[in-house]
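Colleague: Can you keep this structure in mind? I'll have questions shortly.
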Protein chains: 2
Amino acid sequence: MGNTKKKRTSRAATLADVGREAGVSAMAASSVLNRTKSSSRISQETRERILEAARMLNYRPNVAARALQNRRMNNIGVAVMVDYNELNPYFLEVFNGIVEAADKHDQNTTVFTLKDWTNDLNRLIGFCDGRIDGMIMVGPLITPEFEQLVPLHTPFVSLHSNSAVSNVINIESFEGTGSYEMTRYLLDLGHKRILNVTGHKEFVGIQRRVQGHLQALEDAQIPHEEDLVVYTELSIPGGHKAMSGWLKRHRGEELPEAIVCGNDSIAIGCMEVLAKAGIRIPQDISICGFDDSIGARTTVPQLSSIRQPLRQMGAQALEVLLQRINTMEAPDSVEQISKANKLCFDIELVHRASVSKPRTTSLIIPALND
Amino acid sequence: MGNTKKKRTSRAATLADVGREAGVSAMAASSVLNRTKSSSRISQETRERILEAARMLNYRPNVAARALQNRRMNNIGVAVMVDYNELNPYFLEVFNGIVEAADKHDQNTTVFTLKDWTNDLNRLIGFCDGRIDGMIMVGPLITPEFEQLVPLHTPFVSLHSNSAVSNVINIESFEGTGSYEMTRYLLDLGHKRILNVTGHKEFVGIQRRVQGHLQALEDAQIPHEEDLVVYTELSIPGGHKAMSGWLKRHRGEELPEAIVCGNDSIAIGCMEVLAKAGIRIPQDISICGFDDSIGARTTVPQLSSIRQPLRQMGAQALEVLLQRINTMEAPDSVEQISKANKLCFDIELVHRASVSKPRTTSLIIPALND
DNA sequence: CTGAAAGCGCTTACAG
DNA sequence: CTGAAAGCGCTTACAG
């Protein structure tokens, strides 16, 4: 019991240790172990001795020391807002792409979760203290304040940003086109009254989607109808709230024939409410999501959706960021990078069972019991 | 165009800069800005000058330098294996808990994705080079090799590990009890033939779940039946494969009355196959998952499941790891921490619409057309 | 109350 | 081909 206890050797071996062991300087060890260009400068025999010593001591370069010297952490920040305290499937998909690309370039990724883009702005800026070489913002809500605070020494790239900021490259998709085509497709099937349950207006992406939707209606000469576009949070509870609210407001009226949603989570929330109300999908009403995230494939019926290549987009965000990091000194690198890379991705309609031809009989919205 | 171009000021302000600006030493700036205990040693007036200078220069401590000095990165590694190149909902849930707890302690988290626990063992060990202060392994498959390679200077904690390793604290749940209770519940409803589609045998957790399941059958004196426990990957495709394979092998026989699955993803995969085969849930067959991850709530019908408090478990993994990091020097800290903390969590049955009483009529397994 | 010095572990010129 | 020196930005004793 209370005897002498061996202290765990908690100190990792350093270059100096390796050098001592091999009978050379730390510097020599450095040039052998950390494969600088001048690797031929050390004689074969010394080289072997050093490698052997490193193996024996289980040497690993200390990244903090290296980072201090190189001004490079090989670590990329990923900032995301958490709704309802949960990272969502949209983020998971994007993050998959980021991580995959980061691995390829031997970069680490550190996730920073924010409660709120505006209030946590200072926190976000605070992360630019050398721990990361660059930051990817996923779905940020950028305020004018941001532009003044963003530090020059850490490049930022965003995904689905709400607004264009000079010096921040944004990756996005042709959301408007996607929305247009989905609504167009529904109209072609014979649908006439289409409800749009979407995200909050501040997001440029949402504005584009609504725009695309309305344009399709206009082109088909469908008159605009009051309260047929509803704004809510891009989440299951958001869809839930919006759908039940809408049904209550329009009780006793004719049910629309189709619903297009701002994302899959909203669609799932709507589906839950419809199921409870005894309204069948797609027999009574068609519904489609946006993103084609994992959730779209696990609903029954499976959800038609508008696919953004989120994974590729995440990967591209990382690639572009890395280019910026590597060319930090060049003042016009932003424009060059913008020109040389794909920054806006094509979307694609994904057809599943939640959409069919419109019902042929009238259906009056029943009272909800919750 | 080709004129002189201003170089972006890419160097962040240092303590020396702040000191110079305020007319004091870097050291004085350090003690004011980085609130060491001896903060009262600086006069109020100097203090203000320093703070003002720091604000002006937008000073932020450089974490690399600090880490080098403190031997502390304030960064926690999270290692996870990616199946099918995708992070899964189980991980997302655990990660939510880890991130939340990490935020509370001002720690960052860096995700390391592995293709394979065995082959990537060296990579995993390689991450212990000072960039993280400790590592959480999520669902690792630990080989004997691991014990020899794991570095002493970086503490490890695991979640749902396959085997106990001295020096690695493992967080787990009473999975066996959970399985026992779910099967028991099905038996009480009147089910007799229950198919078990679960994960691979190497995982201790899977062994426990199967054990619990079989024990419940034995206690109810249900005779063991051949091929009623099937092992597959813990993923949607895994469930897909296992279910369609099983139905083909047993075509023309009586369909079991219920299915218990190794996790929710497997259950979702099974549901897809059953839906295609025209077998209704829960009228024709009941099914339940394990984990109660997000996926369980987005299926229709919603999936009954066995809830492990994944988020809490993730948070606890971080807390325990942090304790270990903070008490690295004490040789018996592992035992102390193990005693002082909750390491095995209770589970809870979650009842949803995918389970009901067994069907009263015979149902012969049809041919599948895929 | 304040500062000069040394050192964390690495790399990058500069000498030999 | 190899090494001594300086420095990355911070902190921690140690002097005054």
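Chain labels run A, B, ... following the order of the structure tokens; each chain numbers its residues from 1, and ligands are numbered from 1 in the order shown.
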Please return, as a PDB file with N, CA and C atoms, in the first residue's frame, all residues of chain A lying within 6 Å of chain B when only C-alpha atoms are considered.
Modeller:
```pdb
ATOM      1  N   SER A  10       5.930  10.131 -17.861  1.00  0.00           N
ATOM      2  CA  SER A  10       4.908  10.840 -18.625  1.00  0.00           C
ATOM      3  C   SER A  10       5.529  11.760 -19.671  1.00  0.00           C
ATOM      4  N   ARG A  60       8.235  10.621 -31.112  1.00  0.00           N
ATOM      5  CA  ARG A  60       7.236  11.259 -31.983  1.00  0.00           C
ATOM      6  C   ARG A  60       7.431  12.757 -31.903  1.00  0.00           C
ATOM      7  N   ASN A  62       6.845  16.484 -31.455  1.00  0.00           N
ATOM      8  CA  ASN A  62       5.830  17.201 -30.694  1.00  0.00           C
ATOM      9  C   ASN A  62       5.192  18.259 -31.576  1.00  0.00           C
ATOM     10  N   VAL A  63       3.909  18.118 -31.785  1.00  0.00           N
ATOM     11  CA  VAL A  63       3.249  19.037 -32.722  1.00  0.00           C
ATOM     12  C   VAL A  63       3.195  20.470 -32.240  1.00  0.00           C
ATOM     13  N   ALA A  64       3.123  20.660 -30.933  1.00  0.00           N
ATOM     14  CA  ALA A  64       3.039  22.032 -30.424  1.00  0.00           C
ATOM     15  C   ALA A  64       4.313  22.781 -30.777  1.00  0.00           C
ATOM     16  N   ALA A  65       5.436  22.138 -30.542  1.00  0.00           N
ATOM     17  CA  ALA A  65       6.715  22.771 -30.832  1.00  0.00           C
ATOM     18  C   ALA A  65       6.841  23.032 -32.328  1.00  0.00           C
ATOM     19  N   LEU A  68       4.624  25.875 -33.383  1.00  0.00           N
ATOM     20  CA  LEU A  68       5.147  27.170 -32.950  1.00  0.00           C
ATOM     21  C   LEU A  68       6.170  27.663 -33.956  1.00  0.00           C
ATOM     22  N   THR A 109      -9.261  17.911 -37.976  1.00  0.00           N
ATOM     23  CA  THR A 109     -10.393  18.838 -37.947  1.00  0.00           C
ATOM     24  C   THR A 109     -10.893  18.967 -36.519  1.00  0.00           C
ATOM     25  N   THR A 110     -11.161  20.152 -36.112  1.00  0.00           N
ATOM     26  CA  THR A 110     -11.695  20.397 -34.775  1.00  0.00           C
ATOM     27  C   THR A 110     -13.057  21.054 -34.920  1.00  0.00           C
ATOM     28  N   ASP A 129      -6.631  31.467 -32.691  1.00  0.00           N
ATOM     29  CA  ASP A 129      -5.510  31.834 -31.836  1.00  0.00           C
ATOM     30  C   ASP A 129      -4.334  30.907 -32.081  1.00  0.00           C
ATOM     31  N   GLY A 130      -4.296  30.347 -33.278  1.00  0.00           N
ATOM     32  CA  GLY A 130      -3.180  29.488 -33.613  1.00  0.00           C
ATOM     33  C   GLY A 130      -3.519  28.014 -33.517  1.00  0.00           C
ATOM     34  N   ARG A 131      -4.652  27.699 -32.933  1.00  0.00           N
ATOM     35  CA  ARG A 131      -4.964  26.278 -32.800  1.00  0.00           C
ATOM     36  C   ARG A 131      -5.446  25.690 -34.127  1.00  0.00           C
ATOM     37  N   HIS A 153      -5.274  36.829 -40.304  1.00  0.00           N
ATOM     38  CA  HIS A 153      -4.267  35.765 -40.361  1.00  0.00           C
ATOM     39  C   HIS A 153      -4.860  34.356 -40.396  1.00  0.00           C
ATOM     40  N   THR A 298     -35.058   6.884 -44.454  1.00  0.00           N
ATOM     41  CA  THR A 298     -35.559   6.047 -43.361  1.00  0.00           C
ATOM     42  C   THR A 298     -37.002   6.366 -43.010  1.00  0.00           C
ATOM     43  N   THR A 299     -37.621   7.268 -43.755  1.00  0.00           N
ATOM     44  CA  THR A 299     -39.047   7.469 -43.539  1.00  0.00           C
ATOM     45  C   THR A 299     -39.805   6.413 -44.328  1.00  0.00           C
ATOM     46  N   VAL A 300     -41.041   6.172 -43.934  1.00  0.00           N
ATOM     47  CA  VAL A 300     -41.912   5.321 -44.729  1.00  0.00           C
ATOM     48  C   VAL A 300     -43.177   6.109 -44.987  1.00  0.00           C
TER      49      VAL A 300
END
```
Colleague: Counting only C-alpha atoms (C1' of nucleotides), which residues of chain C come no farther than 8 Å from chain A, as a ChimeraX atom specification?
Modeller: /C:8-11
Colleague: Among stretch 8-70 of chain B, which residues carry a DSSP assignment of helix (DSSP H, G or I), reported as a VMD selection string?
Modeller: chain B and resid 15 to 22 26 to 33 37 to 41 44 to 57 63 to 70
Colleague: Would you save the residues from that selection as a compact mmCIF listing (two decimals), in the first residue's frame, using N, CA and C atoms?
Modeller:
```
# COMPACT_ATOMS: atom_id res chain seq x y z
N LEU B 15 2.68 38.71 -26.97
CA LEU B 15 2.79 39.37 -25.67
C LEU B 15 3.84 40.46 -25.71
N ALA B 16 4.91 40.19 -26.45
CA ALA B 16 5.97 41.19 -26.57
C ALA B 16 5.42 42.45 -27.21
N ASP B 17 4.60 42.29 -28.24
CA ASP B 17 3.99 43.44 -28.90
C ASP B 17 3.15 44.24 -27.91
N VAL B 18 2.34 43.53 -27.17
CA VAL B 18 1.45 44.18 -26.21
C VAL B 18 2.29 44.92 -25.17
N GLY B 19 3.32 44.23 -24.65
CA GLY B 19 4.19 44.84 -23.65
C GLY B 19 4.81 46.13 -24.19
N ARG B 20 5.35 46.05 -25.39
CA ARG B 20 5.98 47.21 -26.00
C ARG B 20 4.99 48.37 -26.08
N GLU B 21 3.82 48.06 -26.60
CA GLU B 21 2.77 49.07 -26.76
C GLU B 21 2.41 49.72 -25.42
N ALA B 22 2.39 48.90 -24.36
CA ALA B 22 1.97 49.42 -23.05
C ALA B 22 3.16 49.92 -22.24
N ALA B 26 6.93 41.81 -21.52
CA ALA B 26 6.01 40.79 -22.01
C ALA B 26 5.45 40.00 -20.83
N MET B 27 6.31 39.84 -19.85
CA MET B 27 5.94 39.07 -18.67
C MET B 27 4.77 39.73 -17.93
N ALA B 28 4.85 41.05 -17.79
CA ALA B 28 3.77 41.77 -17.11
C ALA B 28 2.48 41.58 -17.90
N ALA B 29 2.59 41.71 -19.21
CA ALA B 29 1.41 41.52 -20.06
C ALA B 29 0.85 40.12 -19.84
N SER B 30 1.76 39.17 -19.81
CA SER B 30 1.32 37.79 -19.61
C SER B 30 0.50 37.64 -18.33
N SER B 31 1.00 38.20 -17.26
CA SER B 31 0.30 37.94 -16.00
C SER B 31 -1.03 38.67 -15.92
N VAL B 32 -1.15 39.76 -16.66
CA VAL B 32 -2.45 40.44 -16.68
C VAL B 32 -3.41 39.71 -17.60
N LEU B 33 -2.94 39.39 -18.81
CA LEU B 33 -3.85 38.89 -19.83
C LEU B 33 -4.22 37.43 -19.61
N LYS B 37 -2.78 33.27 -11.00
CA LYS B 37 -3.20 33.56 -9.62
C LYS B 37 -2.66 34.91 -9.14
N SER B 38 -1.43 35.21 -9.51
CA SER B 38 -0.79 36.43 -9.03
C SER B 38 -1.23 37.66 -9.83
N SER B 39 -2.50 37.74 -10.12
CA SER B 39 -2.98 38.83 -10.95
C SER B 39 -2.91 40.16 -10.20
N SER B 40 -2.84 40.09 -8.90
CA SER B 40 -2.84 41.32 -8.11
C SER B 40 -1.45 41.95 -8.06
N ARG B 41 -0.51 41.27 -8.64
CA ARG B 41 0.84 41.79 -8.56
C ARG B 41 1.06 43.02 -9.44
N GLN B 44 -3.07 48.60 -10.67
CA GLN B 44 -4.31 48.82 -11.40
C GLN B 44 -4.05 49.64 -12.68
N GLU B 45 -3.21 50.64 -12.53
CA GLU B 45 -3.00 51.56 -13.64
C GLU B 45 -2.27 50.86 -14.80
N THR B 46 -1.22 50.12 -14.47
CA THR B 46 -0.48 49.38 -15.49
C THR B 46 -1.41 48.37 -16.16
N ARG B 47 -2.14 47.70 -15.35
CA ARG B 47 -3.13 46.73 -15.77
C ARG B 47 -4.01 47.27 -16.90
N GLU B 48 -4.58 48.43 -16.66
CA GLU B 48 -5.46 49.05 -17.65
C GLU B 48 -4.71 49.32 -18.94
N ARG B 49 -3.49 49.84 -18.79
CA ARG B 49 -2.70 50.14 -19.98
C ARG B 49 -2.49 48.88 -20.82
N ILE B 50 -2.18 47.80 -20.12
CA ILE B 50 -1.94 46.53 -20.81
C ILE B 50 -3.20 46.04 -21.51
N LEU B 51 -4.31 46.09 -20.79
CA LEU B 51 -5.56 45.63 -21.37
C LEU B 51 -5.91 46.45 -22.61
N GLU B 52 -5.70 47.73 -22.50
CA GLU B 52 -6.01 48.61 -23.62
C GLU B 52 -5.14 48.26 -24.83
N ALA B 53 -3.84 48.05 -24.55
CA ALA B 53 -2.92 47.71 -25.64
C ALA B 53 -3.34 46.39 -26.29
N ALA B 54 -3.74 45.44 -25.48
CA ALA B 54 -4.13 44.14 -26.00
C ALA B 54 -5.36 44.30 -26.89
N ARG B 55 -6.28 45.10 -26.45
CA ARG B 55 -7.50 45.32 -27.22
C ARG B 55 -7.13 45.95 -28.57
N MET B 56 -6.29 46.97 -28.48
CA MET B 56 -5.88 47.67 -29.70
C MET B 56 -5.24 46.74 -30.72
N LEU B 57 -4.34 45.91 -30.20
CA LEU B 57 -3.59 45.03 -31.10
C LEU B 57 -4.36 43.74 -31.39
N VAL B 63 -1.88 29.43 -28.94
CA VAL B 63 -2.04 28.16 -28.23
C VAL B 63 -0.86 27.23 -28.40
N ALA B 64 -0.19 27.31 -29.53
CA ALA B 64 0.94 26.39 -29.75
C ALA B 64 2.03 26.69 -28.72
N ALA B 65 2.34 27.95 -28.56
CA ALA B 65 3.37 28.34 -27.61
C ALA B 65 2.96 27.94 -26.20
N ARG B 66 1.72 28.19 -25.90
CA ARG B 66 1.23 27.88 -24.58
C ARG B 66 1.27 26.38 -24.32
N ALA B 67 0.86 25.64 -25.34
CA ALA B 67 0.84 24.18 -25.20
C ALA B 67 2.25 23.65 -24.99
N LEU B 68 3.18 24.23 -25.69
CA LEU B 68 4.56 23.78 -25.59
C LEU B 68 5.05 23.96 -24.16
N GLN B 69 4.71 25.06 -23.59
CA GLN B 69 5.12 25.38 -22.23
C GLN B 69 4.35 24.53 -21.20
N ASN B 70 3.07 24.48 -21.36
CA ASN B 70 2.21 23.83 -20.36
C ASN B 70 2.07 22.32 -20.54
```
Colleague: With distances taken over only C-alpha atoms, which residue among A:Ala277, A:Asp346, A:Ser235, A:Pro366 lies nearest A:His250?
Modeller: A:Pro366
Colleague: Do a neighbour search on C:DT12 at 10 Å with only C-alpha atoms (C1' of nucleotides), toss out local chain neighbours closer than 2 positions, and write the hits as a list in words.
Modeller: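 My reading of the contact set: Gln69 of chain A; DC14 of chain C; DA6 and DG7 of chain D.
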Colleague: From the list A:Pro155, A:Gly190, A:Gly176, A:Gly199, which residue is nearest A:Ala242 when using only C-alpha atoms?
Modeller: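 Selected residue with least distance to A:Ala242: A:Gly199.
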Colleague: For atom CA of A:Val94 and atom CA of B:Arg311, quote the distance in Å rounded to one decimal.
Modeller: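 Separation of atom CA of A:Val94 and atom CA of B:Arg311: 21.1 Å.
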Colleague: When you draw a straight line from atom CA of A:Thr327 to atom CA of A:Val80, how long is it in Å?
Modeller: 25.3 Å
Colleague: Within 9 Å of B:Ala258, counting only C-alpha atoms (C1' of nucleotides), which residues qualify if same-chain residues fewer than 3 places away don't, as a short mmCIF file (atom, residue, chain, number, x, y, z; two decimals) with N, CA and C atoms, in the first residue's frame?
Modeller:
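Contents of result_10.cif, freshly written:
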```
data_model
loop_
_atom_site.label_atom_id
_atom_site.label_comp_id
_atom_site.auth_asym_id
_atom_site.auth_seq_id
_atom_site.Cartn_x
_atom_site.Cartn_y
_atom_site.Cartn_z
N LEU B 186 -41.46 -8.87 -25.30
CA LEU B 186 -42.08 -9.47 -26.48
C LEU B 186 -42.76 -10.78 -26.12
N HIS B 191 -45.36 -13.21 -28.19
CA HIS B 191 -44.48 -13.65 -29.27
C HIS B 191 -43.72 -14.91 -28.84
N LYS B 192 -43.48 -15.79 -29.82
CA LYS B 192 -42.76 -17.02 -29.48
C LYS B 192 -41.48 -17.17 -30.31
N ARG B 193 -41.61 -16.94 -31.61
CA ARG B 193 -40.42 -17.08 -32.47
C ARG B 193 -39.86 -15.70 -32.77
N ILE B 194 -38.69 -15.44 -32.22
CA ILE B 194 -38.09 -14.11 -32.35
C ILE B 194 -36.75 -14.22 -33.06
N LEU B 195 -36.63 -13.51 -34.17
CA LEU B 195 -35.37 -13.47 -34.90
C LEU B 195 -34.48 -12.39 -34.30
N ASN B 196 -33.20 -12.69 -34.19
CA ASN B 196 -32.26 -11.71 -33.65
C ASN B 196 -31.22 -11.37 -34.73
N LEU B 255 -43.17 -17.17 -41.11
CA LEU B 255 -42.42 -15.97 -40.72
C LEU B 255 -42.36 -15.86 -39.19
N PRO B 282 -46.61 -3.09 -37.59
CA PRO B 282 -46.36 -4.29 -36.79
C PRO B 282 -47.41 -5.39 -36.99
N ASP B 284 -47.95 -7.68 -39.25
CA ASP B 284 -47.45 -9.00 -39.61
C ASP B 284 -46.27 -9.42 -38.74
N ILE B 285 -45.45 -8.46 -38.41
CA ILE B 285 -44.25 -8.78 -37.63
C ILE B 285 -43.86 -7.54 -36.82
N SER B 286 -43.44 -7.78 -35.58
CA SER B 286 -42.96 -6.67 -34.75
C SER B 286 -41.45 -6.56 -34.92
N ILE B 287 -40.92 -5.38 -34.70
CA ILE B 287 -39.46 -5.22 -34.81
C ILE B 287 -39.00 -4.15 -33.84
N CYS B 288 -37.84 -4.36 -33.26
CA CYS B 288 -37.29 -3.30 -32.42
C CYS B 288 -35.80 -3.16 -32.62
N VAL B 355 -43.88 -2.29 -32.52
CA VAL B 355 -44.13 -3.54 -31.79
C VAL B 355 -45.59 -3.60 -31.39
N PRO B 358 -48.58 -10.31 -31.35
CA PRO B 358 -48.30 -11.11 -32.55
C PRO B 358 -49.55 -11.30 -33.40
#
```
Colleague: Within stretch 129-338 of chain A, find each residue whose DSSP state, derived from the backbone, is strand (DSSP E), and express the selection as a PyMOL selection string.
Modeller: chain A and resi 134-138+156-159+168-173+194-198+229-231+258-261+286-288+305-307
Colleague: What does the distance between atom CA of A:Val197 and atom CA of B:Asp292 come to in Å, to one decimal place?
Modeller: 27.4 Å
Colleague: Tell me which protein, DNA and RNA residues are within 8 Å of stretch 315-318 of chain B, counting only C-alpha atoms (C1' of nucleotides), leaving out same-chain ones fewer than 6 positions away, and put them as number ranges by chain.
Modeller: B: 94, 97-102, 136, 157-159, 171, 342-343
